[in-house]
$ cat protein.txt   # compact mmCIF, C-alpha atoms and all ligand atoms
# COMPACT_ATOMS: atom_id res chain seq x y z
CA MET A 1 24.48 -56.50 -38.70
CA SER A 2 27.36 -55.83 -36.35
CA ILE A 3 30.08 -57.49 -34.30
CA ASP A 4 29.72 -57.91 -30.55
CA PRO A 5 32.69 -55.95 -29.16
CA GLN A 6 33.11 -57.95 -25.97
CA THR A 7 33.14 -61.28 -27.80
CA LEU A 8 35.93 -60.06 -30.05
CA LEU A 9 37.86 -58.39 -27.22
CA ASP A 10 37.73 -61.55 -25.10
CA TRP A 11 39.08 -63.53 -28.03
CA PHE A 12 41.84 -60.95 -28.52
CA ASP A 13 42.82 -61.08 -24.84
CA ALA A 14 43.30 -64.83 -25.12
CA ASN A 15 44.81 -65.06 -28.61
CA ALA A 16 46.69 -61.89 -29.57
CA ARG A 17 50.26 -62.48 -30.70
CA ASP A 18 52.92 -61.17 -28.36
CA LEU A 19 54.55 -58.62 -30.66
CA PRO A 20 57.10 -56.09 -29.36
CA TRP A 21 55.28 -53.09 -30.83
CA ARG A 22 52.25 -54.08 -28.75
CA HIS A 23 54.17 -53.96 -25.46
CA ALA A 24 53.26 -51.19 -23.04
CA ASP A 25 56.82 -49.83 -23.16
CA CYS A 26 56.87 -49.49 -26.95
CA THR A 27 57.01 -45.82 -27.96
CA PRO A 28 54.68 -44.21 -30.53
CA TRP A 29 57.76 -44.02 -32.77
CA GLY A 30 58.18 -47.80 -32.47
CA VAL A 31 54.53 -48.25 -33.42
CA LEU A 32 54.88 -45.94 -36.43
CA VAL A 33 57.98 -47.76 -37.69
CA SER A 34 56.25 -51.13 -37.26
CA GLU A 35 53.16 -50.00 -39.14
CA ILE A 36 55.17 -48.78 -42.14
CA MET A 37 57.23 -51.98 -42.21
CA LEU A 38 54.19 -54.24 -41.85
CA GLN A 39 52.25 -52.68 -44.70
CA GLN A 40 53.60 -55.01 -47.35
CA THR A 41 55.79 -57.40 -45.40
CA PRO A 42 54.90 -60.34 -43.11
CA VAL A 43 55.49 -60.09 -39.34
CA ALA A 44 58.24 -62.73 -39.29
CA ARG A 45 60.38 -60.75 -41.73
CA VAL A 46 59.67 -57.43 -40.04
CA LEU A 47 60.58 -58.52 -36.49
CA PRO A 48 64.40 -58.67 -36.77
CA VAL A 49 64.63 -55.50 -38.86
CA TRP A 50 62.30 -53.58 -36.54
CA ARG A 51 64.41 -54.60 -33.53
CA GLN A 52 67.60 -53.43 -35.26
CA TRP A 53 65.99 -50.12 -36.18
CA MET A 54 64.74 -49.51 -32.66
CA GLU A 55 68.18 -50.21 -31.23
CA ARG A 56 69.91 -48.00 -33.75
CA TRP A 57 67.33 -45.24 -34.09
CA PRO A 58 65.19 -45.27 -30.92
CA LYS A 59 63.77 -41.80 -31.59
CA PRO A 60 62.68 -39.92 -34.70
CA ALA A 61 65.65 -37.56 -34.24
CA ASP A 62 68.06 -40.50 -34.46
CA LEU A 63 66.67 -41.63 -37.80
CA ALA A 64 66.47 -38.06 -39.07
CA ALA A 65 70.21 -37.70 -38.42
CA ALA A 66 71.06 -40.77 -40.52
CA SER A 67 71.79 -40.55 -44.24
CA GLN A 68 69.36 -41.90 -46.82
CA GLY A 69 71.96 -44.46 -47.84
CA GLU A 70 72.25 -45.79 -44.26
CA VAL A 71 68.48 -46.01 -44.02
CA LEU A 72 68.20 -47.93 -47.29
CA ARG A 73 70.93 -50.34 -46.21
CA ALA A 74 69.21 -50.96 -42.89
CA TRP A 75 65.91 -51.59 -44.70
CA GLY A 76 67.60 -54.72 -46.05
CA LYS A 77 65.30 -57.08 -47.90
CA LEU A 78 61.95 -55.86 -46.57
CA GLY A 79 60.96 -54.81 -50.09
CA TYR A 80 59.20 -51.69 -51.36
CA PRO A 81 62.21 -49.59 -50.23
CA ARG A 82 60.50 -46.28 -50.90
CA ARG A 83 58.92 -46.91 -47.50
CA ALA A 84 62.38 -46.46 -45.91
CA LEU A 85 62.81 -43.05 -47.49
CA ARG A 86 59.25 -42.09 -46.50
CA LEU A 87 60.00 -42.96 -42.87
CA HIS A 88 63.19 -40.92 -43.05
CA THR A 89 61.30 -37.92 -44.42
CA ALA A 90 58.56 -38.32 -41.81
CA ALA A 91 61.20 -38.45 -39.06
CA ASN A 92 62.67 -35.19 -40.32
CA THR A 93 59.24 -33.53 -40.28
CA ILE A 94 58.50 -34.88 -36.79
CA VAL A 95 61.75 -33.33 -35.58
CA ALA A 96 61.31 -30.03 -37.45
CA GLU A 97 57.62 -29.44 -36.77
CA HIS A 98 56.56 -31.57 -33.79
CA GLY A 99 59.43 -31.29 -31.31
CA GLY A 100 60.62 -34.80 -32.10
CA GLU A 101 57.41 -36.45 -30.84
CA VAL A 102 55.10 -38.52 -33.04
CA PRO A 103 51.76 -36.65 -33.20
CA ALA A 104 48.71 -38.29 -31.60
CA ASP A 105 45.75 -37.08 -33.63
CA VAL A 106 44.77 -38.43 -37.02
CA ASP A 107 44.73 -35.12 -38.91
CA THR A 108 48.23 -34.16 -37.78
CA LEU A 109 49.50 -37.63 -38.55
CA LEU A 110 47.95 -37.39 -42.02
CA SER A 111 49.90 -34.17 -42.60
CA LEU A 112 53.20 -36.03 -42.26
CA PRO A 113 54.82 -36.93 -45.59
CA GLY A 114 54.06 -40.46 -46.69
CA ILE A 115 51.56 -41.21 -43.92
CA GLY A 116 48.24 -42.34 -45.38
CA ALA A 117 44.74 -43.10 -44.12
CA TYR A 118 45.68 -46.49 -42.70
CA THR A 119 48.93 -45.56 -40.95
CA ALA A 120 47.59 -42.35 -39.40
CA ARG A 121 44.70 -44.19 -37.77
CA ALA A 122 46.81 -47.19 -36.78
CA VAL A 123 49.26 -44.93 -34.92
CA ALA A 124 46.47 -42.91 -33.26
CA ALA A 125 44.79 -46.12 -32.09
CA PHE A 126 47.70 -48.44 -31.28
CA ALA A 127 50.21 -45.89 -29.96
CA TYR A 128 47.84 -43.48 -28.23
CA GLY A 129 44.69 -45.52 -27.56
CA ARG A 130 42.52 -43.19 -29.65
CA ARG A 131 39.18 -44.20 -31.13
CA ALA A 132 39.93 -44.62 -34.84
CA PRO A 133 38.71 -47.00 -37.54
CA VAL A 134 41.82 -48.86 -38.73
CA VAL A 135 41.25 -50.52 -42.09
CA ASP A 136 43.69 -52.86 -43.76
CA THR A 137 43.15 -55.81 -46.09
CA ASN A 138 42.51 -58.17 -43.17
CA VAL A 139 39.90 -55.88 -41.62
CA ARG A 140 38.13 -55.40 -44.96
CA ARG A 141 37.89 -59.16 -45.35
CA VAL A 142 36.47 -59.74 -41.85
CA VAL A 143 33.89 -56.98 -42.33
CA ALA A 144 32.90 -58.29 -45.77
CA ARG A 145 32.24 -61.73 -44.33
CA ALA A 146 31.03 -61.20 -40.78
CA VAL A 147 28.94 -58.08 -41.49
CA HIS A 148 28.04 -58.07 -45.17
CA GLY A 149 27.86 -61.81 -45.81
CA ALA A 150 30.21 -61.69 -48.80
CA ALA A 151 33.08 -64.11 -49.30
CA GLU A 152 35.57 -61.36 -50.25
CA ALA A 153 35.79 -57.62 -49.79
CA GLY A 154 35.83 -56.51 -53.42
CA PRO A 155 37.59 -53.33 -54.56
CA PRO A 156 38.59 -50.91 -51.76
CA SER A 157 36.98 -47.53 -51.20
CA THR A 158 38.65 -45.50 -48.45
CA LYS A 159 35.55 -43.60 -47.38
CA ARG A 160 33.13 -46.52 -47.46
CA ASP A 161 35.60 -48.83 -45.72
CA LEU A 162 36.32 -46.27 -42.97
CA ASP A 163 32.59 -45.63 -42.47
CA ASP A 164 31.97 -49.38 -42.25
CA VAL A 165 34.52 -49.92 -39.53
CA GLU A 166 33.69 -46.69 -37.67
CA ALA A 167 30.14 -48.00 -37.31
CA LEU A 168 31.45 -51.19 -35.71
CA LEU A 169 33.60 -49.53 -33.02
CA PRO A 170 32.15 -49.96 -29.53
CA ASP A 171 30.09 -47.03 -28.25
CA GLY A 172 30.96 -45.11 -25.13
CA PRO A 173 33.67 -42.79 -23.90
CA ASP A 174 36.33 -45.50 -23.49
CA GLU A 175 38.60 -44.69 -26.43
CA ALA A 176 41.19 -47.27 -25.41
CA ARG A 177 38.55 -49.99 -25.67
CA ALA A 178 37.65 -48.84 -29.20
CA ALA A 179 41.36 -48.83 -30.10
CA ARG A 180 41.74 -52.35 -28.78
CA PHE A 181 38.70 -53.43 -30.80
CA SER A 182 40.47 -52.11 -33.94
CA ALA A 183 43.54 -54.18 -33.09
CA ALA A 184 41.37 -57.23 -32.41
CA LEU A 185 39.59 -56.95 -35.76
CA MET A 186 42.92 -56.85 -37.56
CA GLU A 187 44.24 -59.79 -35.58
CA LEU A 188 41.17 -61.88 -36.35
CA GLY A 189 41.72 -61.24 -40.05
CA ALA A 190 45.39 -62.13 -39.75
CA LEU A 191 44.95 -65.34 -37.76
CA VAL A 192 41.44 -66.76 -38.23
CA CYS A 193 39.41 -65.09 -40.97
CA ILE A 194 42.25 -65.59 -43.42
CA ALA A 195 41.96 -65.20 -47.18
CA ARG A 196 41.96 -68.83 -48.22
CA LYS A 197 40.21 -71.36 -46.03
CA PRO A 198 39.07 -69.20 -43.08
CA ARG A 199 39.29 -71.09 -39.79
CA CYS A 200 35.60 -70.65 -39.01
CA ASP A 201 35.56 -73.47 -36.43
CA ASP A 202 37.92 -71.40 -34.26
CA CYS A 203 36.19 -68.08 -34.85
CA PRO A 204 34.56 -66.19 -31.98
CA LEU A 205 32.16 -64.54 -34.46
CA PHE A 206 30.89 -67.81 -35.94
CA ALA A 207 27.41 -67.69 -34.40
CA ASP A 208 26.65 -64.23 -35.80
CA CYS A 209 28.71 -64.28 -38.98
CA ALA A 210 26.60 -63.02 -41.88
CA TRP A 211 28.51 -65.11 -44.39
CA GLN A 212 27.77 -68.29 -42.44
CA LYS A 213 24.13 -67.35 -42.06
CA ALA A 214 23.88 -66.76 -45.80
CA GLY A 215 25.19 -70.25 -46.50
CA ARG A 216 28.75 -69.23 -47.40
CA PRO A 217 27.98 -67.86 -50.90
CA ALA A 218 30.85 -67.75 -53.38
CA TYR A 219 32.45 -64.43 -54.29
CA THR A 220 31.13 -63.03 -57.54
CA GLY A 221 32.81 -59.60 -57.72
CA PRO A 222 35.87 -58.53 -59.68
CA THR A 223 39.07 -60.48 -59.06
CA ARG A 224 42.62 -59.23 -58.95
CA PRO A 225 45.32 -61.03 -60.91
CA THR A 226 47.60 -63.04 -58.64
CA GLN A 227 50.92 -61.29 -58.20
CA ARG A 228 54.10 -63.03 -59.16
CA TYR A 229 57.46 -61.62 -58.16
CA SER A 230 60.18 -63.33 -60.17
CA GLY A 231 61.06 -61.34 -63.26
CA THR A 232 58.91 -58.34 -62.38
CA ASP A 233 60.25 -54.80 -62.33
CA ARG A 234 60.03 -54.94 -58.55
CA HIS A 235 62.33 -57.96 -58.57
CA VAL A 236 64.82 -56.28 -60.91
CA ARG A 237 64.80 -53.05 -58.89
CA GLY A 238 65.56 -55.11 -55.79
CA LEU A 239 68.49 -56.82 -57.54
CA LEU A 240 69.95 -53.46 -58.61
CA LEU A 241 69.62 -52.09 -55.07
CA ASP A 242 71.28 -55.24 -53.71
CA VAL A 243 74.38 -54.42 -55.78
CA LEU A 244 74.56 -50.93 -54.29
CA ARG A 245 73.87 -52.14 -50.75
CA GLY A 246 76.73 -54.60 -51.12
CA THR A 247 79.31 -51.89 -51.79
CA THR A 248 80.55 -48.91 -49.83
CA GLY A 249 80.63 -46.40 -52.68
CA PRO A 250 79.60 -45.70 -56.28
CA VAL A 251 79.73 -48.49 -58.86
CA GLU A 252 80.13 -48.52 -62.63
CA LYS A 253 77.09 -49.23 -64.80
CA ALA A 254 78.81 -52.43 -65.96
CA GLN A 255 78.58 -53.80 -62.43
CA LEU A 256 74.83 -53.13 -62.30
CA ASP A 257 74.45 -54.75 -65.72
CA LEU A 258 75.51 -58.07 -64.22
CA ALA A 259 72.45 -58.07 -61.96
CA TRP A 260 69.87 -58.83 -64.69
CA PRO A 261 70.29 -60.05 -68.27
CA LYS A 262 67.48 -58.14 -70.04
CA ALA A 263 69.02 -54.77 -70.88
CA GLY A 264 65.81 -52.93 -71.70
CA GLN A 265 64.04 -53.89 -68.49
CA ARG A 266 67.19 -53.37 -66.44
CA ASP A 267 67.74 -49.85 -67.77
CA ALA A 268 64.10 -48.93 -67.29
CA CYS A 269 64.28 -50.13 -63.69
CA LEU A 270 67.47 -48.19 -63.07
CA ALA A 271 65.80 -45.08 -64.49
CA SER A 272 62.82 -45.57 -62.17
CA LEU A 273 65.11 -46.00 -59.15
CA LEU A 274 66.83 -42.73 -60.09
CA SER A 275 63.53 -40.90 -60.44
CA ASP A 276 62.30 -42.31 -57.10
CA GLY A 277 65.43 -40.99 -55.37
CA LEU A 278 66.50 -44.50 -54.33
CA VAL A 279 69.66 -44.29 -56.47
CA GLU A 280 71.79 -41.31 -57.46
CA GLN A 281 74.21 -40.82 -60.33
CA THR A 282 77.62 -39.28 -59.73
CA ALA A 283 79.12 -36.55 -61.89
CA ASP A 284 81.38 -39.14 -63.55
CA GLY A 285 78.42 -41.38 -64.46
CA ARG A 286 78.59 -44.03 -61.72
CA PHE A 287 75.71 -45.05 -59.43
CA ALA A 288 75.30 -45.01 -55.64
CA LEU A 289 72.75 -45.07 -52.85
CA PRO A 290 71.50 -41.55 -52.09
CA GLY A 291 74.13 -39.38 -50.42
CA GLU A 292 76.87 -42.00 -50.77
CA HIS A 293 79.14 -40.26 -53.25
S1 LIG B 1 32.98 -67.37 -39.07
FE1 LIG B 1 34.50 -67.68 -40.67
S2 LIG B 1 33.98 -66.23 -42.29
FE2 LIG B 1 32.85 -65.62 -40.43
S3 LIG B 1 34.18 -64.07 -39.52
FE3 LIG B 1 34.70 -66.03 -38.59
S4 LIG B 1 36.39 -66.87 -39.81
FE4 LIG B 1 35.44 -65.20 -40.97
$ encode --input "protein.txt" --output "structure tokens"
Amino acid sequence: MSIDPQTLLDWFDANARDLPWRHADCTPWGVLVSEIMLQQTPVARVLPVWRQWMERWPKPADLAAASQGEVLRAWGKLGYPRRALRLHTAANTIVAEHGGEVPADVDTLLSLPGIGAYTARAVAAFAYGRRAPVVDTNVRRVVARAVHGAAEAGPPSTKRDLDDVEALLPDGPDEARAARFSAALMELGALVCIARKPRCDDCPLFADCAWQKAGRPAYTGPTRPTQRYSGTDRHVRGLLLDVLRGTTGPVEKAQLDLAWPKAGQRDACLASLLSDGLVEQTADGRFALPGEH
């Protein structure tokens, strides 16, 4: 079972969203920043922050020269702020070891701090037009349905998932076509083969979709608990960081204590922010964003 590349590419040509990191004049650095931001945050929230970052830090060297505190402030409310520090560290390595240019091949990209299997292949494919299987949640879902006839993808396995998608990439020497196929597969999962209520009537793969042919069987594998946000440690960590982003220097613990009423959870979250390097403590016991004291 496979996916006809031309069918998917034709659909992509007609339906791909016009996103700035897909423009021909977007640099590999712009693609890398977009991929890190998009990992856990929807496009609409990423767009304004990505534009600000590209204006302020158009090259890796520009971001590398910024302080960690500046970078965390500019990350704003994108969530999972460790990604901001990872980008900053990667920028420093790109400057120190790669002449300030984002590497093009997957293995070198994987050697950058904080760049994993997905991001390395996404940058190789989308920034440099390399043939690389790019696997995110959307792609796993499309492959599960269209190729394997299952309603959901089930638990991830990096090797199996990469092998699955590698086998689907169009044959031939045209690497740019394979890269575009990877982008098209992701886009189909983001726009049509969506998690709840896939829009099968609008799908270019409908006629050959294995899940359709099997009669749309229900998913029977393990399920993940639905994630809530309010009241979680992630929420509390975000509230504590908001306090520090809203000031220009170190604050007393009492000011952080106002951010969340449950002392035990609040203190545990503050401790985790300190150990993640997202917050630092001054010699006199106050708290600040990294480097801002
Ligand atoms: S036909 Fe439906 S289930 Fe199959 S790939 Fe398209 S959107 Fe997904």
$ atom_distance --input "protein.txt" --atom1 "atom CA of His98 of chain A" --atom2 "atom CA of Tyr118 of chain A"
20.5 Å
$ residues_around --input "protein.txt" --residues "Ala127 of chain A" --least-positions-apart "5" --cutoff "8 Å" --atoms "all atoms listed in the file" --output "PDB file with C-alpha atoms, in the frame of the given file"
ATOM      1  CA  THR A  27      57.010 -45.820 -27.960  1.00  0.00           C
ATOM      2  CA  PRO A  28      54.680 -44.210 -30.530  1.00  0.00           C
ATOM      3  CA  VAL A  31      54.530 -48.250 -33.420  1.00  0.00           C
ATOM      4  CA  LEU A  32      54.880 -45.940 -36.430  1.00  0.00           C
ATOM      5  CA  ALA A 104      48.710 -38.290 -31.600  1.00  0.00           C
ATOM      6  CA  ALA A 122      46.810 -47.190 -36.780  1.00  0.00           C
TER       7      ALA A 122
END
$ residues_near_ligand --input "protein.txt" --ligand "ligand LIG 1 (chain B)" --cutoff "12 Å" --atoms "only C-alpha atoms and all ligand atoms" --output "VMD selection string"
chain A and resid 2 to 4 7 to 8 11 138 to 153 185 to 218
$ closest_residue --input "protein.txt" --among "A:Leu244, A:Cys269, A:Asp284, A:Pro173" --to "Gly69 of chain A" --atoms "all atoms listed in the file"
A:Leu244
$ residues_around --input "protein.txt" --residues "Thr41 of chain A" --least-positions-apart "6" --cutoff "12 Å" --atoms "only C-alpha atoms" --output "MDAnalysis selection string"
chainID A and resid 34:35 47 49:50 75 77:81 83
$ closest_residue --input "protein.txt" --among "A:Ala183, A:Thr248, A:Glu292, A:Asp62" --to "Asp13 of chain A" --atoms "only C-alpha atoms"
A:Ala183
$ build_atoms --input "protein.txt" --residues "segment 185-199 of chain A" --atoms "N, CA and C atoms" --output "PDB file, in the frame of the given file"
ATOM      1  N   LEU A 185      40.157 -56.669 -34.437  1.00  0.00           N
ATOM      2  CA  LEU A 185      39.590 -56.950 -35.760  1.00  0.00           C
ATOM      3  C   LEU A 185      40.697 -57.314 -36.755  1.00  0.00           C
ATOM      4  N   MET A 186      41.785 -56.562 -36.686  1.00  0.00           N
ATOM      5  CA  MET A 186      42.920 -56.850 -37.560  1.00  0.00           C
ATOM      6  C   MET A 186      43.507 -58.221 -37.263  1.00  0.00           C
ATOM      7  N   GLU A 187      43.632 -58.510 -35.971  1.00  0.00           N
ATOM      8  CA  GLU A 187      44.240 -59.790 -35.580  1.00  0.00           C
ATOM      9  C   GLU A 187      43.370 -60.966 -36.014  1.00  0.00           C
ATOM     10  N   LEU A 188      42.052 -60.812 -35.910  1.00  0.00           N
ATOM     11  CA  LEU A 188      41.170 -61.880 -36.350  1.00  0.00           C
ATOM     12  C   LEU A 188      41.360 -62.153 -37.844  1.00  0.00           C
ATOM     13  N   GLY A 189      41.502 -61.078 -38.608  1.00  0.00           N
ATOM     14  CA  GLY A 189      41.720 -61.240 -40.050  1.00  0.00           C
ATOM     15  C   GLY A 189      43.074 -61.852 -40.371  1.00  0.00           C
ATOM     16  N   ALA A 190      44.051 -61.591 -39.510  1.00  0.00           N
ATOM     17  CA  ALA A 190      45.390 -62.130 -39.750  1.00  0.00           C
ATOM     18  C   ALA A 190      45.508 -63.594 -39.340  1.00  0.00           C
ATOM     19  N   LEU A 191      44.747 -64.000 -38.322  1.00  0.00           N
ATOM     20  CA  LEU A 191      44.950 -65.340 -37.760  1.00  0.00           C
ATOM     21  C   LEU A 191      43.820 -66.321 -38.058  1.00  0.00           C
ATOM     22  N   VAL A 192      42.584 -65.838 -38.147  1.00  0.00           N
ATOM     23  CA  VAL A 192      41.440 -66.760 -38.230  1.00  0.00           C
ATOM     24  C   VAL A 192      40.642 -66.564 -39.527  1.00  0.00           C
ATOM     25  N   CYS A 193      40.208 -65.348 -39.771  1.00  0.00           N
ATOM     26  CA  CYS A 193      39.410 -65.090 -40.970  1.00  0.00           C
ATOM     27  C   CYS A 193      40.363 -64.790 -42.128  1.00  0.00           C
ATOM     28  N   ILE A 194      41.183 -65.782 -42.437  1.00  0.00           N
ATOM     29  CA  ILE A 194      42.250 -65.590 -43.420  1.00  0.00           C
ATOM     30  C   ILE A 194      41.692 -65.749 -44.836  1.00  0.00           C
ATOM     31  N   ALA A 195      42.483 -65.305 -45.817  1.00  0.00           N
ATOM     32  CA  ALA A 195      41.960 -65.200 -47.180  1.00  0.00           C
ATOM     33  C   ALA A 195      41.477 -66.546 -47.711  1.00  0.00           C
ATOM     34  N   ARG A 196      42.369 -67.515 -47.737  1.00  0.00           N
ATOM     35  CA  ARG A 196      41.960 -68.830 -48.220  1.00  0.00           C
ATOM     36  C   ARG A 196      41.644 -69.707 -47.018  1.00  0.00           C
ATOM     37  N   LYS A 197      40.609 -70.440 -47.094  1.00  0.00           N
ATOM     38  CA  LYS A 197      40.210 -71.360 -46.030  1.00  0.00           C
ATOM     39  C   LYS A 197      40.168 -70.698 -44.645  1.00  0.00           C
ATOM     40  N   PRO A 198      39.215 -69.781 -44.424  1.00  0.00           N
ATOM     41  CA  PRO A 198      39.070 -69.200 -43.080  1.00  0.00           C
ATOM     42  C   PRO A 198      38.828 -70.292 -42.050  1.00  0.00           C
ATOM     43  N   ARG A 199      39.386 -70.067 -40.853  1.00  0.00           N
ATOM     44  CA  ARG A 199      39.290 -71.090 -39.790  1.00  0.00           C
ATOM     45  C   ARG A 199      38.018 -70.838 -38.966  1.00  0.00           C
TER      46      ARG A 199
END
